[in-house]
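As provided, upload.txt (compact mmCIF, N, CA and C atoms) reads as follows.
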# COMPACT_ATOMS: atom_id res chain seq x y z
N LEU A 176 59.61 74.56 126.32
CA LEU A 176 58.96 75.06 125.11
C LEU A 176 58.75 73.93 124.12
N TYR A 177 57.72 74.10 123.32
CA TYR A 177 57.37 73.10 122.32
C TYR A 177 57.41 73.75 120.94
N ARG A 178 57.88 72.97 119.94
CA ARG A 178 57.91 73.47 118.56
C ARG A 178 56.57 73.18 117.89
N SER A 179 56.01 74.21 117.28
CA SER A 179 54.74 74.09 116.59
C SER A 179 54.94 73.42 115.23
N VAL A 180 54.07 72.46 114.91
CA VAL A 180 54.12 71.87 113.57
C VAL A 180 53.42 72.77 112.56
N ILE A 181 52.69 73.76 113.03
CA ILE A 181 52.00 74.68 112.13
C ILE A 181 52.95 75.74 111.59
N ASP A 182 53.71 76.38 112.47
CA ASP A 182 54.59 77.46 111.99
C ASP A 182 56.06 77.29 112.38
N GLY A 183 56.38 76.24 113.12
CA GLY A 183 57.78 75.99 113.48
C GLY A 183 58.29 76.80 114.66
N GLY A 184 57.46 77.69 115.20
CA GLY A 184 57.87 78.52 116.32
C GLY A 184 57.90 77.74 117.63
N LEU A 185 58.54 78.33 118.62
CA LEU A 185 58.62 77.72 119.95
C LEU A 185 57.60 78.40 120.87
N TYR A 186 56.83 77.59 121.59
CA TYR A 186 55.76 78.09 122.44
C TYR A 186 55.68 77.28 123.72
N GLU A 187 55.08 77.91 124.75
CA GLU A 187 54.66 77.14 125.90
C GLU A 187 53.45 76.33 125.44
N GLU A 188 53.23 75.20 126.10
CA GLU A 188 52.19 74.28 125.62
C GLU A 188 50.84 74.96 125.43
N ALA A 189 50.41 75.76 126.36
CA ALA A 189 49.09 76.40 126.28
C ALA A 189 49.00 77.40 125.14
N SER A 190 50.13 77.90 124.67
CA SER A 190 50.14 78.91 123.61
C SER A 190 50.38 78.34 122.22
N LEU A 191 50.57 77.04 122.12
CA LEU A 191 50.82 76.43 120.82
C LEU A 191 49.68 76.74 119.85
N PRO A 192 50.00 77.10 118.60
CA PRO A 192 48.94 77.32 117.61
C PRO A 192 48.05 76.10 117.43
N GLU A 193 48.60 74.92 117.69
CA GLU A 193 47.82 73.69 117.58
C GLU A 193 46.66 73.65 118.58
N GLN A 194 46.73 74.47 119.62
CA GLN A 194 45.66 74.52 120.62
C GLN A 194 44.46 75.32 120.11
N ASP A 195 44.66 76.09 119.04
CA ASP A 195 43.60 76.91 118.46
C ASP A 195 42.90 76.11 117.37
N GLN A 196 41.67 75.69 117.64
CA GLN A 196 40.95 74.83 116.73
C GLN A 196 40.74 75.48 115.36
N ALA A 197 40.47 76.77 115.33
CA ALA A 197 40.26 77.47 114.06
C ALA A 197 41.53 77.46 113.22
N GLN A 198 42.67 77.64 113.86
CA GLN A 198 43.93 77.64 113.13
C GLN A 198 44.25 76.24 112.60
N CYS A 199 43.97 75.22 113.38
CA CYS A 199 44.19 73.84 112.92
C CYS A 199 43.27 73.52 111.74
N LEU A 200 42.02 73.94 111.81
CA LEU A 200 41.09 73.71 110.72
C LEU A 200 41.56 74.42 109.45
N SER A 201 42.03 75.63 109.60
CA SER A 201 42.54 76.38 108.46
C SER A 201 43.74 75.68 107.82
N LYS A 202 44.65 75.20 108.64
CA LYS A 202 45.84 74.51 108.15
C LYS A 202 45.43 73.22 107.43
N TYR A 203 44.51 72.46 108.01
CA TYR A 203 44.07 71.21 107.39
C TYR A 203 43.34 71.49 106.08
N THR A 204 42.53 72.54 106.04
CA THR A 204 41.84 72.93 104.81
C THR A 204 42.84 73.24 103.72
N GLN A 205 43.90 73.97 104.05
CA GLN A 205 44.94 74.28 103.07
C GLN A 205 45.61 73.02 102.56
N THR A 206 45.86 72.09 103.45
CA THR A 206 46.50 70.83 103.08
C THR A 206 45.62 70.02 102.14
N VAL A 207 44.33 69.92 102.43
CA VAL A 207 43.41 69.17 101.59
C VAL A 207 43.28 69.84 100.22
N LYS A 208 43.20 71.16 100.19
CA LYS A 208 43.11 71.88 98.91
C LYS A 208 44.38 71.69 98.09
N ALA A 209 45.52 71.68 98.74
CA ALA A 209 46.78 71.47 98.02
C ALA A 209 46.81 70.07 97.39
N GLU A 210 46.35 69.07 98.12
CA GLU A 210 46.30 67.72 97.57
C GLU A 210 45.29 67.63 96.44
N ARG A 211 44.15 68.30 96.61
CA ARG A 211 43.14 68.32 95.54
C ARG A 211 43.74 68.94 94.28
N ASN A 212 44.44 70.05 94.42
CA ASN A 212 45.07 70.70 93.27
C ASN A 212 46.11 69.80 92.62
N ALA A 213 46.87 69.09 93.43
CA ALA A 213 47.87 68.16 92.91
C ALA A 213 47.20 67.03 92.13
N ARG A 214 46.07 66.54 92.62
CA ARG A 214 45.37 65.46 91.93
C ARG A 214 44.80 65.95 90.60
N ILE A 215 44.35 67.18 90.55
CA ILE A 215 43.90 67.75 89.27
C ILE A 215 45.09 67.83 88.33
N ALA A 216 46.22 68.33 88.82
CA ALA A 216 47.43 68.43 87.99
C ALA A 216 47.91 67.06 87.52
N ASP A 217 47.72 66.04 88.35
CA ASP A 217 48.11 64.67 87.97
C ASP A 217 47.43 64.23 86.68
N THR A 218 46.25 64.76 86.41
CA THR A 218 45.47 64.32 85.25
C THR A 218 45.52 65.30 84.09
N ASP A 219 46.27 66.38 84.22
CA ASP A 219 46.33 67.39 83.15
C ASP A 219 46.71 66.80 81.79
N SER A 220 47.76 66.02 81.76
CA SER A 220 48.24 65.51 80.47
C SER A 220 47.22 64.59 79.80
N TYR A 221 46.41 63.90 80.58
CA TYR A 221 45.42 63.01 79.99
C TYR A 221 44.33 63.77 79.24
N ILE A 222 44.12 65.00 79.61
CA ILE A 222 43.10 65.82 78.98
C ILE A 222 43.69 66.72 77.90
N GLN A 223 44.88 67.23 78.15
CA GLN A 223 45.48 68.22 77.26
C GLN A 223 46.12 67.62 76.01
N LEU A 224 46.64 66.42 76.12
CA LEU A 224 47.34 65.79 75.00
C LEU A 224 46.42 64.81 74.27
N THR A 225 46.39 64.91 72.97
CA THR A 225 45.48 64.05 72.21
C THR A 225 46.03 62.64 72.02
N ASP A 226 47.34 62.48 72.08
CA ASP A 226 47.93 61.17 71.82
C ASP A 226 48.57 60.53 73.06
N VAL A 227 48.10 60.91 74.22
CA VAL A 227 48.67 60.37 75.46
C VAL A 227 48.32 58.89 75.62
N THR A 228 49.26 58.15 76.17
CA THR A 228 49.02 56.75 76.48
C THR A 228 49.17 56.55 77.98
N VAL A 229 48.56 55.50 78.49
CA VAL A 229 48.61 55.22 79.92
C VAL A 229 48.99 53.78 80.18
N GLN A 230 49.50 53.57 81.37
CA GLN A 230 49.82 52.22 81.83
C GLN A 230 48.79 51.89 82.91
N SER A 231 47.93 50.93 82.64
CA SER A 231 46.82 50.67 83.56
C SER A 231 47.21 49.81 84.76
N VAL A 232 48.25 49.00 84.62
CA VAL A 232 48.77 48.19 85.72
C VAL A 232 50.28 48.08 85.58
N ALA A 233 50.93 47.64 86.63
CA ALA A 233 52.38 47.49 86.61
C ALA A 233 52.81 46.57 85.47
N LYS A 234 53.83 46.99 84.76
CA LYS A 234 54.45 46.22 83.67
C LYS A 234 53.52 45.97 82.49
N ALA A 235 52.41 46.68 82.42
CA ALA A 235 51.50 46.53 81.29
C ALA A 235 51.96 47.43 80.14
N LYS A 236 51.56 47.08 78.95
CA LYS A 236 51.86 47.89 77.78
C LYS A 236 50.99 49.15 77.82
N ARG A 237 51.58 50.26 77.43
CA ARG A 237 50.84 51.53 77.42
C ARG A 237 49.80 51.50 76.31
N ALA A 238 48.66 52.13 76.56
CA ALA A 238 47.57 52.16 75.58
C ALA A 238 46.95 53.55 75.54
N ALA A 239 46.39 53.90 74.41
CA ALA A 239 45.72 55.20 74.26
C ALA A 239 44.40 55.18 75.03
N LEU A 240 43.98 56.33 75.46
CA LEU A 240 42.70 56.47 76.15
C LEU A 240 41.56 56.53 75.15
N THR A 241 40.46 55.90 75.49
CA THR A 241 39.25 55.99 74.66
C THR A 241 38.52 57.29 75.01
N ASP A 242 37.54 57.66 74.18
CA ASP A 242 36.75 58.85 74.47
C ASP A 242 35.99 58.69 75.78
N GLU A 243 35.51 57.48 76.07
CA GLU A 243 34.79 57.22 77.32
C GLU A 243 35.71 57.40 78.53
N GLN A 244 36.94 56.93 78.39
CA GLN A 244 37.91 57.08 79.48
C GLN A 244 38.26 58.55 79.70
N LYS A 245 38.42 59.30 78.62
CA LYS A 245 38.70 60.73 78.75
C LYS A 245 37.54 61.44 79.43
N GLU A 246 36.32 61.03 79.13
CA GLU A 246 35.14 61.62 79.78
C GLU A 246 35.13 61.29 81.28
N ALA A 247 35.50 60.07 81.64
CA ALA A 247 35.58 59.68 83.05
C ALA A 247 36.62 60.53 83.78
N ILE A 248 37.72 60.84 83.12
CA ILE A 248 38.76 61.68 83.72
C ILE A 248 38.23 63.10 83.91
N LYS A 249 37.50 63.61 82.93
CA LYS A 249 36.91 64.95 83.05
C LYS A 249 35.94 65.01 84.24
N GLU A 250 35.14 63.96 84.40
CA GLU A 250 34.19 63.91 85.52
C GLU A 250 34.93 63.85 86.85
N TYR A 251 36.01 63.11 86.90
CA TYR A 251 36.84 63.03 88.11
C TYR A 251 37.42 64.40 88.45
N ARG A 252 37.93 65.08 87.44
CA ARG A 252 38.50 66.42 87.66
C ARG A 252 37.43 67.39 88.18
N GLN A 253 36.22 67.29 87.63
CA GLN A 253 35.15 68.17 88.10
C GLN A 253 34.77 67.83 89.54
N ALA A 254 34.75 66.55 89.88
CA ALA A 254 34.46 66.15 91.26
C ALA A 254 35.52 66.71 92.21
N LEU A 255 36.77 66.73 91.77
CA LEU A 255 37.83 67.32 92.59
C LEU A 255 37.61 68.82 92.76
N ARG A 256 37.23 69.49 91.69
CA ARG A 256 36.97 70.94 91.77
C ARG A 256 35.81 71.24 92.72
N ASP A 257 34.82 70.35 92.75
CA ASP A 257 33.63 70.53 93.58
C ASP A 257 33.85 70.13 95.04
N LEU A 258 34.98 69.53 95.35
CA LEU A 258 35.24 69.01 96.69
C LEU A 258 35.01 70.04 97.81
N PRO A 259 35.49 71.28 97.67
CA PRO A 259 35.28 72.25 98.76
C PRO A 259 33.81 72.60 99.02
N GLU A 260 32.93 72.29 98.07
CA GLU A 260 31.51 72.59 98.23
C GLU A 260 30.76 71.48 98.96
N GLN A 261 31.42 70.34 99.19
CA GLN A 261 30.76 69.22 99.87
C GLN A 261 30.53 69.53 101.34
N THR A 262 29.44 69.02 101.85
CA THR A 262 29.14 69.16 103.27
C THR A 262 30.24 68.48 104.09
N GLY A 263 30.74 69.17 105.08
CA GLY A 263 31.76 68.62 105.95
C GLY A 263 33.19 68.90 105.51
N PHE A 264 33.35 69.58 104.36
CA PHE A 264 34.70 69.88 103.90
C PHE A 264 35.45 70.64 104.99
N PRO A 265 36.68 70.31 105.30
CA PRO A 265 37.65 69.50 104.58
C PRO A 265 37.66 68.02 104.99
N PHE A 266 36.73 67.62 105.84
CA PHE A 266 36.70 66.23 106.31
C PHE A 266 35.84 65.39 105.39
N VAL A 267 36.27 65.28 104.15
CA VAL A 267 35.57 64.51 103.13
C VAL A 267 36.56 63.59 102.43
N SER A 268 36.03 62.62 101.72
CA SER A 268 36.88 61.70 100.96
C SER A 268 37.09 62.24 99.56
N PHE A 269 38.27 61.95 99.02
CA PHE A 269 38.52 62.31 97.63
C PHE A 269 37.70 61.38 96.73
N PRO A 270 37.29 61.89 95.56
CA PRO A 270 36.54 61.01 94.64
C PRO A 270 37.42 59.88 94.14
N GLU A 271 36.78 58.82 93.70
CA GLU A 271 37.51 57.65 93.20
C GLU A 271 38.18 57.99 91.87
N ILE A 272 39.42 57.58 91.75
CA ILE A 272 40.19 57.81 90.52
C ILE A 272 39.67 56.86 89.45
N PRO A 273 39.47 57.36 88.21
CA PRO A 273 39.01 56.46 87.15
C PRO A 273 40.00 55.31 86.96
N GLU A 274 39.46 54.13 86.74
CA GLU A 274 40.28 52.93 86.64
C GLU A 274 41.36 53.03 85.56
N CYS A 275 41.05 53.74 84.48
CA CYS A 275 42.00 53.82 83.36
C CYS A 275 43.31 54.52 83.72
N VAL A 276 43.28 55.40 84.72
CA VAL A 276 44.49 56.13 85.12
C VAL A 276 44.83 55.91 86.60
N ALA A 277 44.11 55.02 87.25
CA ALA A 277 44.29 54.82 88.69
C ALA A 277 45.71 54.39 89.04
N TYR A 278 46.28 53.51 88.26
CA TYR A 278 47.63 53.03 88.55
C TYR A 278 48.64 54.17 88.53
N GLU A 279 48.63 54.95 87.45
CA GLU A 279 49.59 56.05 87.34
C GLU A 279 49.33 57.15 88.37
N CYS A 280 48.08 57.51 88.57
CA CYS A 280 47.75 58.56 89.55
C CYS A 280 48.09 58.12 90.97
N GLN A 281 47.82 56.86 91.29
CA GLN A 281 48.13 56.38 92.64
C GLN A 281 49.62 56.42 92.90
N GLN A 282 50.43 56.16 91.88
CA GLN A 282 51.88 56.26 92.05
C GLN A 282 52.28 57.70 92.40
N LYS A 283 51.66 58.66 91.76
CA LYS A 283 51.95 60.08 92.05
C LYS A 283 51.52 60.44 93.47
N ILE A 284 50.36 59.96 93.88
CA ILE A 284 49.86 60.22 95.23
C ILE A 284 50.79 59.58 96.26
N ASP A 285 51.18 58.33 96.02
CA ASP A 285 52.08 57.63 96.93
C ASP A 285 53.42 58.36 97.05
N SER A 286 53.90 58.88 95.95
CA SER A 286 55.16 59.62 95.96
C SER A 286 55.04 60.88 96.82
N ARG A 287 53.93 61.61 96.67
CA ARG A 287 53.72 62.80 97.50
C ARG A 287 53.63 62.42 98.97
N ASN A 288 52.91 61.36 99.28
CA ASN A 288 52.75 60.92 100.67
C ASN A 288 54.06 60.50 101.28
N SER A 289 54.93 59.86 100.49
CA SER A 289 56.23 59.44 101.03
C SER A 289 57.14 60.64 101.28
N GLN A 290 56.79 61.77 100.68
CA GLN A 290 57.56 62.99 100.89
C GLN A 290 56.91 63.90 101.95
N GLY A 291 55.95 63.35 102.65
CA GLY A 291 55.32 64.10 103.76
C GLY A 291 54.05 64.80 103.38
N GLY A 292 53.38 64.40 102.30
CA GLY A 292 52.13 65.00 101.90
C GLY A 292 50.97 64.55 102.75
N LEU A 293 49.77 64.78 102.26
CA LEU A 293 48.55 64.40 102.98
C LEU A 293 48.50 62.89 103.13
N GLN A 294 48.24 62.41 104.32
CA GLN A 294 48.20 60.98 104.57
C GLN A 294 46.77 60.50 104.62

Would you encode the structure as structure tokens?
Amino acid sequence: LYRSVIDGGLYEEASLPEQDQAQCLSKYTQTVKAERNARIADTDSYIQLTDVTVQSVAKAKRAALTDEQKEAIKEYRQALRDLPEQTGFPFVSFPEIPECVAYECQQKIDSRNSQGGLQ
């Protein structure tokens, strides 16, 4: 018997849920949507707080966001919301993180990945 990575159950090889392409696609879609939601949440404070500061690179001094940077973050968040509407979803690339928050957001993404998140 083999243990399924989808549901943890034990199956004969031919009966593994992983053998069902529709079930694998559904699981991958859920995983991509969860990461998309996490990336939106990663940027919540940059939009919700008026006096938030960011660290743009390692060991750099924190600085306030400009109105242009806040607008770039809003556009990034909208691109994340629109991700499921893209042709080929869930096999699409995530939008590029705005440079002003890329360092901090990438740290959050890396932390999730090290804990077994979307690779």

>> Considering only helix (DSSP H, G or I) as DSSP defines it on the backbone, what residues of segment 222-292 of chain A qualify? List them as a ChimeraX atom specification.
In response: /A:222-223,242-260,274-289

>> Given the point (50.9, 73.7, 108.4) in the file's coordinates, find the residues that have an atom at most 10 Å from it, counting only C-alpha atoms, and give them as a list in words.
In response: Ser179, Val180, Ile181, Asp182, Gly183, Glu193, Gln198, Cys199, Ser201, Lys202, Tyr203, Thr204, Gln205 and Thr206 of chain A

>> So that I can check the secondary structure, give me every residue of segment 182-276 of chain A assigned strand (DSSP E) by backbone DSSP, as a PyMOL selection string.
In response: chain A and resi 185-186+228-229+238-239

Would you save the residues from that selection as a tab-separated table (two decimals), in the coordinates of the input, using N, CA and C atoms?
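Output file out12.tsv is given in full below:
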chain	number	residue	atom	x	y	z
A	185	LEU	N	58.54	78.33	118.62
A	185	LEU	CA	58.62	77.72	119.95
A	185	LEU	C	57.60	78.40	120.87
A	186	TYR	N	56.83	77.59	121.59
A	186	TYR	CA	55.76	78.09	122.44
A	186	TYR	C	55.68	77.28	123.72
A	228	THR	N	49.26	58.15	76.17
A	228	THR	CA	49.02	56.75	76.48
A	228	THR	C	49.17	56.55	77.98
A	229	VAL	N	48.56	55.50	78.49
A	229	VAL	CA	48.61	55.22	79.92
A	229	VAL	C	48.99	53.78	80.18
A	238	ALA	N	48.66	52.13	76.56
A	238	ALA	CA	47.57	52.16	75.58
A	238	ALA	C	46.95	53.55	75.54
A	239	ALA	N	46.39	53.90	74.41
A	239	ALA	CA	45.72	55.20	74.26
A	239	ALA	C	44.40	55.18	75.03

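When atom CA of Gln230 of chain A is paired with atom CA of Cys275 of chain A, their separation reads 8.1 Å.
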
>> Just want the 8 Å neighbourhood of segment 276-286 of chain A, counted on all atoms listed in the file, with same-chain residues fewer than 3 positions away dropped. Output as a list of chain:residue names.
In response: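 Using all atoms listed in the file, the neighbours found are A:Ala213, A:Arg214, A:Asp217, A:Thr218, A:Val229, A:Gln230, A:Ser231, A:Val232, A:Ala233, A:Gln244, A:Ile248, A:Glu271, A:Ile272, A:Pro273, A:Ser289, A:Gln290, A:Gly291, A:Gly292, A:Leu293.
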
>> When you count all atoms listed in the file, which of these residues is closest to Leu240 of chain A: A:Glu210, A:Glu274, A:Asp195, A:Asp226?
In response: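 Looking at the shortest contact to Leu240 of chain A, the residue is A:Asp226.
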
> How many Å lie between atom CA of Lys245 of chain A and atom CA of Tyr221 of chain A, rounded to one decimal?
Replying inline: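 Distance reported for this atom pair: 7.2 Å.
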
> Which is closer to Arg256 of chain A than all the others in A:Thr241, A:Arg211, A:Gln194, A:Gly184, using all atoms listed in the file?
Replying inline: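 Selected residue with least distance to Arg256 of chain A: A:Arg211.
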
> Any idea what the distance is between atom N of Pro270 of chain A and atom C of Arg237 of chain A?
Replying inline: 25.2 Å
